[in-house]
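Below you'll find the structure, written out as structure tokens, and then a few comments.
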Amino acid sequence: MVNTHIHHSRSKPSVATPDSSFPLFNAAENNLKMPAVGLGLGFYGGNNEPYGTYPECGAEPHIDSSGHINPPPPGCGSNTQKAVYTWLHNAGGRRLDCANSYYNHKSVALGIQQSGVNRSDIFILSKVGPTFGLGFNDTINQTMIILQELQTSWIDLLLVHWPIMIHPHETYIPPTSDPLCNVSNPSTYSEKNCRLSTWSAMITLFNRGLVRSIGVSNYNVTHLQEIIDAGMLLPSVNQVSFNPYNYRTGRADLLEFCQKNNIQLVAYSPLGVPDARQFPVVHEGKPTGMHATLLQDPVIISLARTYERTEAQILLRWIHQLGVASNPRSMNEIHMRENLDILSNPFTINNDDMMRITNLAQDTCEVDPDWYECVGNGSLP
């Protein structure tokens, strides 16, 4: 059952604690810190679903890859504005996880303005691609548009959203002015050199001071190694889907590599995608060991009772103790406050219980081939 109750508590916003943020290194300003828990703003709803109902809808009307206006007017931008306002003004959150492909930057800007919180106190993360082309000039041009839509003169952290021109399970190929990224021209196209050309643009933006730090998203070890081998400035962040159902078979090695190279890992879908996607419980007549959502997993439920916390807090704290930041999505003020509560009112999951979570079943592409976040999805992490 979806909890759409709006909480009107006047309690104080979350109070920062020493582990409320992670320091960023490599391609980042000196002493820059990123709030450990952010608000994810990439929503899955597309039918003008009302605020707080599932699947959550937050996009402004735009022409999608098939040429249709999606969602239809008036769209869900007002939902995003309300979520941003609630996160900043009521819950006390300070990091926003945006992207141009979320199609709600203008609504994010309205939410920031409505909140009354100073821009300098907010950490805005945004991303270029993948429904927009990669490449040097395209990356620069997208960033200028992002700055305009967000009504800001800088972005705190800018990411390359995907390492490839074509998003998984999509056939649409966005146009690009960079020959290295032009998939339709085999004589000039190079997946690797397209990535490096795009990353070169990111470094240019960083050196110009338009962004305070730069990073990547959905990159695997091979993609990161390309940057190392090219002798280029390393990303400060790599953002990937990250939760107990993909950790052992898809994320543990990546986390180790990133930590070795001072690249901060950030988790999207830290709770899975409970409003829009269920994990396969059965595959070919046999139980997968997973449950429809991580919030329904008996191990997580049991630990929530043991620690007297919510299931979501158990999952987010497990991620935090691994040294990973997270971006849970929510339009529910109570849930926002609870997500931040793992930092303002911290608790520690003991080593045995950390391992119980780590040893949960895995969402591999063998059992879940139609889900783009499954482990073992081609060249993605």
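Naming works like this for the structure tokens: A, B, ... for the chains as they're shown, residue 1 at the start of each chain, ligands 1 onward in shown order.
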DSSP-assigned alpha helix (DSSP H) among segment 4-247 of chain A, expressed as a VMD selection string: chain A and resid 77 to 85 105 to 115 136 to 150 191 to 207 221 to 229
Contacts of Glu284 of chain A at 12 Å (only C-alpha atoms; same-chain gap of 4+ positions) as a list in words: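 My reading of the contact set: Pro280, Thr288, Glu366, Val367 and Asp368 of chain A.
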Give one line per residue of segment 223-286 of chain A that approaches segment 309-328 of chain A to at most 10 Å, naming the two atoms of the closest pair and their distance in Å to one decimal, counting only C-alpha atoms; sort by chain then ascending residue number and deliver it as JSON lines.
```
{"residue": "A:Val237", "atom": "CA", "partner": "A:Ala325", "partner_atom": "CA", "distance": 9.9}
{"residue": "A:Gln239", "atom": "CA", "partner": "A:Ser326", "partner_atom": "CA", "distance": 8.9}
{"residue": "A:Val240", "atom": "CA", "partner": "A:Ser326", "partner_atom": "CA", "distance": 9.7}
{"residue": "A:Ser241", "atom": "CA", "partner": "A:Ser326", "partner_atom": "CA", "distance": 9.5}
{"residue": "A:Phe242", "atom": "CA", "partner": "A:Ile319", "partner_atom": "CA", "distance": 8.1}
{"residue": "A:Asn243", "atom": "CA", "partner": "A:Ile319", "partner_atom": "CA", "distance": 7.3}
{"residue": "A:Pro244", "atom": "CA", "partner": "A:Leu315", "partner_atom": "CA", "distance": 7.8}
{"residue": "A:Tyr247", "atom": "CA", "partner": "A:Ile319", "partner_atom": "CA", "distance": 9.9}
{"residue": "A:Ala252", "atom": "CA", "partner": "A:Leu322", "partner_atom": "CA", "distance": 9.7}
{"residue": "A:Leu255", "atom": "CA", "partner": "A:Val324", "partner_atom": "CA", "distance": 8.4}
{"residue": "A:Gln259", "atom": "CA", "partner": "A:Gly323", "partner_atom": "CA", "distance": 8.8}
{"residue": "A:Gln264", "atom": "CA", "partner": "A:Val324", "partner_atom": "CA", "distance": 7.0}
{"residue": "A:Leu265", "atom": "CA", "partner": "A:Val324", "partner_atom": "CA", "distance": 5.3}
{"residue": "A:Val266", "atom": "CA", "partner": "A:Ala325", "partner_atom": "CA", "distance": 4.5}
{"residue": "A:Ala267", "atom": "CA", "partner": "A:Ser326", "partner_atom": "CA", "distance": 4.4}
{"residue": "A:Tyr268", "atom": "CA", "partner": "A:Asn327", "partner_atom": "CA", "distance": 5.3}
{"residue": "A:Ser269", "atom": "CA", "partner": "A:Pro328", "partner_atom": "CA", "distance": 6.4}
{"residue": "A:Pro270", "atom": "CA", "partner": "A:Pro328", "partner_atom": "CA", "distance": 6.2}
{"residue": "A:Leu271", "atom": "CA", "partner": "A:Leu315", "partner_atom": "CA", "distance": 6.7}
{"residue": "A:Gly272", "atom": "CA", "partner": "A:Pro328", "partner_atom": "CA", "distance": 9.1}
{"residue": "A:Val273", "atom": "CA", "partner": "A:Pro328", "partner_atom": "CA", "distance": 9.4}
```
Please provide as a PDB file with N, CA and C atoms, in the first residue's frame all residues within 7 Å of Leu150 of chain A, with the sequence filter that same-chain residues fewer than 5 positions apart are discarded (counting only C-alpha atoms).
```
ATOM      1  N   HIS A 105      14.432  20.165 -14.723  1.00  0.00           N
ATOM      2  CA  HIS A 105      15.336  21.173 -14.167  1.00  0.00           C
ATOM      3  C   HIS A 105      14.621  22.469 -13.809  1.00  0.00           C
ATOM      4  N   LYS A 106      13.712  22.918 -14.670  1.00  0.00           N
ATOM      5  CA  LYS A 106      13.011  24.187 -14.414  1.00  0.00           C
ATOM      6  C   LYS A 106      12.163  24.084 -13.148  1.00  0.00           C
ATOM      7  N   VAL A 108      12.838  22.029 -10.644  1.00  0.00           N
ATOM      8  CA  VAL A 108      13.803  21.998  -9.545  1.00  0.00           C
ATOM      9  C   VAL A 108      14.156  23.425  -9.136  1.00  0.00           C
ATOM     10  N   ALA A 109      14.400  24.267 -10.131  1.00  0.00           N
ATOM     11  CA  ALA A 109      14.743  25.666  -9.848  1.00  0.00           C
ATOM     12  C   ALA A 109      13.621  26.374  -9.085  1.00  0.00           C
TER      13      ALA A 109
END
```
Selected residue, from A:His62, A:Arg305, A:Lys33, A:Arg94, that lies nearest to Val117 of chain A when counting only C-alpha atoms: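 Closest to Val117 of chain A, using only C-alpha atoms: A:Arg94.
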Filtered DSSP result for segment 24-157 of chain A, state strand (DSSP E or B), as a ChimeraX atom specification: /A:28,33-35,37-40,62-63,69-70,95-97,123-128,155,157
Contacts of Arg329 of chain A at 7 Å (only C-alpha atoms; same-chain gap of 2+ positions) as an MDAnalysis selection string: chainID A and resid 39:41 327
Generate a file of the selected residues that holds N, CA, C and O atoms, formatted as a compact mmCIF listing (two decimals), in the first residue's frame.
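Result file is part.txt:
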```txt
# COMPACT_ATOMS: atom_id res chain seq x y z
N LEU A 39 18.45 13.66 -2.61
CA LEU A 39 17.10 13.36 -3.07
C LEU A 39 17.16 13.03 -4.55
O LEU A 39 17.49 13.88 -5.38
N GLY A 40 16.83 11.78 -4.91
CA GLY A 40 16.77 11.39 -6.31
C GLY A 40 15.57 12.02 -6.99
O GLY A 40 14.46 12.01 -6.46
N LEU A 41 15.79 12.56 -8.19
CA LEU A 41 14.72 13.28 -8.89
C LEU A 41 14.42 12.69 -10.26
O LEU A 41 13.78 13.34 -11.10
N ASN A 327 21.05 8.16 -3.11
CA ASN A 327 20.03 9.09 -3.61
C ASN A 327 18.64 8.47 -3.58
O ASN A 327 18.07 8.21 -4.64
```
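If you look at atom CA of Asp353 of chain A and atom CA of His291 of chain A, they are 18.5 Å away from each other.
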Point-to-point distance from atom CA of Ile263 of chain A to atom CA of Ile203 of chain A, Å rounded to tenths: 15.4 Å
Selection: 10 Å around Pro71 of chain A, only C-alpha atoms, excl. self and same-chain fewer than 5 positions, as a ChimeraX atom specification: /A:45-49,57-64,76-77
Can you check which parts of segment 206-277 of chain A lie within 7 Å of segment 152-164 of chain A? Per residue, the shortest pair of atoms and distance in Å to one decimal, counting only C-alpha atoms, sorted by chain and number, as a Markdown table.
```
| residue | atom | partner | partner_atom | distance |
| --- | --- | --- | --- | --- |
| A:Leu210 | CA | A:Trp154 | CA | 4.9 |
| A:Val211 | CA | A:Ile155 | CA | 4.7 |
| A:Arg212 | CA | A:Asp156 | CA | 4.8 |
| A:Ser213 | CA | A:Leu157 | CA | 4.7 |
| A:Ile214 | CA | A:Leu158 | CA | 4.8 |
| A:Gly215 | CA | A:Leu159 | CA | 4.6 |
| A:Val216 | CA | A:Leu159 | CA | 4.6 |
| A:Ser217 | CA | A:His161 | CA | 4.9 |
| A:Asn218 | CA | A:Trp162 | CA | 5.6 |
| A:Tyr219 | CA | A:Pro163 | CA | 6.0 |
```
Pairwise distance for atom CA of Val221 of chain A and atom CA of Leu254 of chain A, rounded to one decimal in Å: 6.3 Å
From A:Asp253, A:Glu226, A:Glu149, A:Asp275, residue lying nearest Phe43 of chain A [only C-alpha atoms]: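 The shortest atom-to-atom distance to Phe43 of chain A comes from A:Asp275.
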Nearby residues (only C-alpha atoms) at most 6 Å from segment 190-197 of chain A, same-chain spacing under 6 positions excluded, as an MDAnalysis selection string: chainID A and resid 135:136 180:181
Contact residues around Gly92 of chain A with only C-alpha atoms at 12 Å, ignoring same-chain residues under 2 positions, as a ChimeraX atom specification: /A:10-16,35,37-39,84-90,94-96,115-117,121-122,333-334,336-341,343-344
Keeping only C-alpha atoms, take the residues you just selected and write them out as an mmCIF file, in the first residue's frame.
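Everything below was put into again-v9.cif:
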```cif
data_model
loop_
_atom_site.group_PDB
_atom_site.id
_atom_site.type_symbol
_atom_site.label_atom_id
_atom_site.label_comp_id
_atom_site.auth_asym_id
_atom_site.auth_seq_id
_atom_site.Cartn_x
_atom_site.Cartn_y
_atom_site.Cartn_z
ATOM 1 C CA ARG A 10 7.077 21.490 12.631
ATOM 2 C CA SER A 11 10.053 19.600 14.028
ATOM 3 C CA LYS A 12 13.505 20.926 13.195
ATOM 4 C CA PRO A 13 15.258 19.831 10.007
ATOM 5 C CA SER A 14 18.029 17.250 10.268
ATOM 6 C CA VAL A 15 21.178 18.387 12.048
ATOM 7 C CA ALA A 16 24.496 17.784 10.306
ATOM 8 C CA PRO A 35 26.145 15.424 1.460
ATOM 9 C CA VAL A 37 22.207 11.403 1.349
ATOM 10 C CA GLY A 38 20.553 13.210 -1.540
ATOM 11 C CA LEU A 39 17.105 13.358 -3.071
ATOM 12 C CA VAL A 84 12.364 19.799 -3.822
ATOM 13 C CA TYR A 85 10.678 22.379 -1.577
ATOM 14 C CA THR A 86 9.732 19.702 0.959
ATOM 15 C CA TRP A 87 13.241 18.208 0.929
ATOM 16 C CA LEU A 88 15.024 21.537 1.357
ATOM 17 C CA HIS A 89 12.613 23.533 3.531
ATOM 18 C CA ASN A 90 10.877 20.919 5.680
ATOM 19 C CA ARG A 94 20.737 19.676 0.982
ATOM 20 C CA ARG A 95 21.727 17.521 -2.026
ATOM 21 C CA LEU A 96 19.612 17.262 -5.177
ATOM 22 C CA SER A 115 12.335 26.917 -0.296
ATOM 23 C CA GLY A 116 14.176 30.114 0.561
ATOM 24 C CA VAL A 117 17.387 28.134 1.145
ATOM 25 C CA ASP A 121 23.914 25.852 0.965
ATOM 26 C CA ILE A 122 22.565 23.454 -1.675
ATOM 27 C CA GLU A 333 8.121 14.088 3.873
ATOM 28 C CA ILE A 334 8.117 11.408 6.561
ATOM 29 C CA MET A 336 12.614 12.065 3.533
ATOM 30 C CA ARG A 337 13.151 12.758 7.224
ATOM 31 C CA GLU A 338 13.698 9.069 7.941
ATOM 32 C CA ASN A 339 16.271 8.843 5.159
ATOM 33 C CA LEU A 340 18.221 11.765 6.622
ATOM 34 C CA ASP A 341 17.786 10.351 10.125
ATOM 35 C CA LEU A 343 22.944 10.582 9.633
ATOM 36 C CA SER A 344 21.388 12.982 12.171
#
```
Pick from A:Pro369, A:Gly75, A:Gly250, A:Gly133, whichever lies nearest to Asn220 of chain A using only C-alpha atoms: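 So, comparing all the options, the nearest one is A:Gly250.
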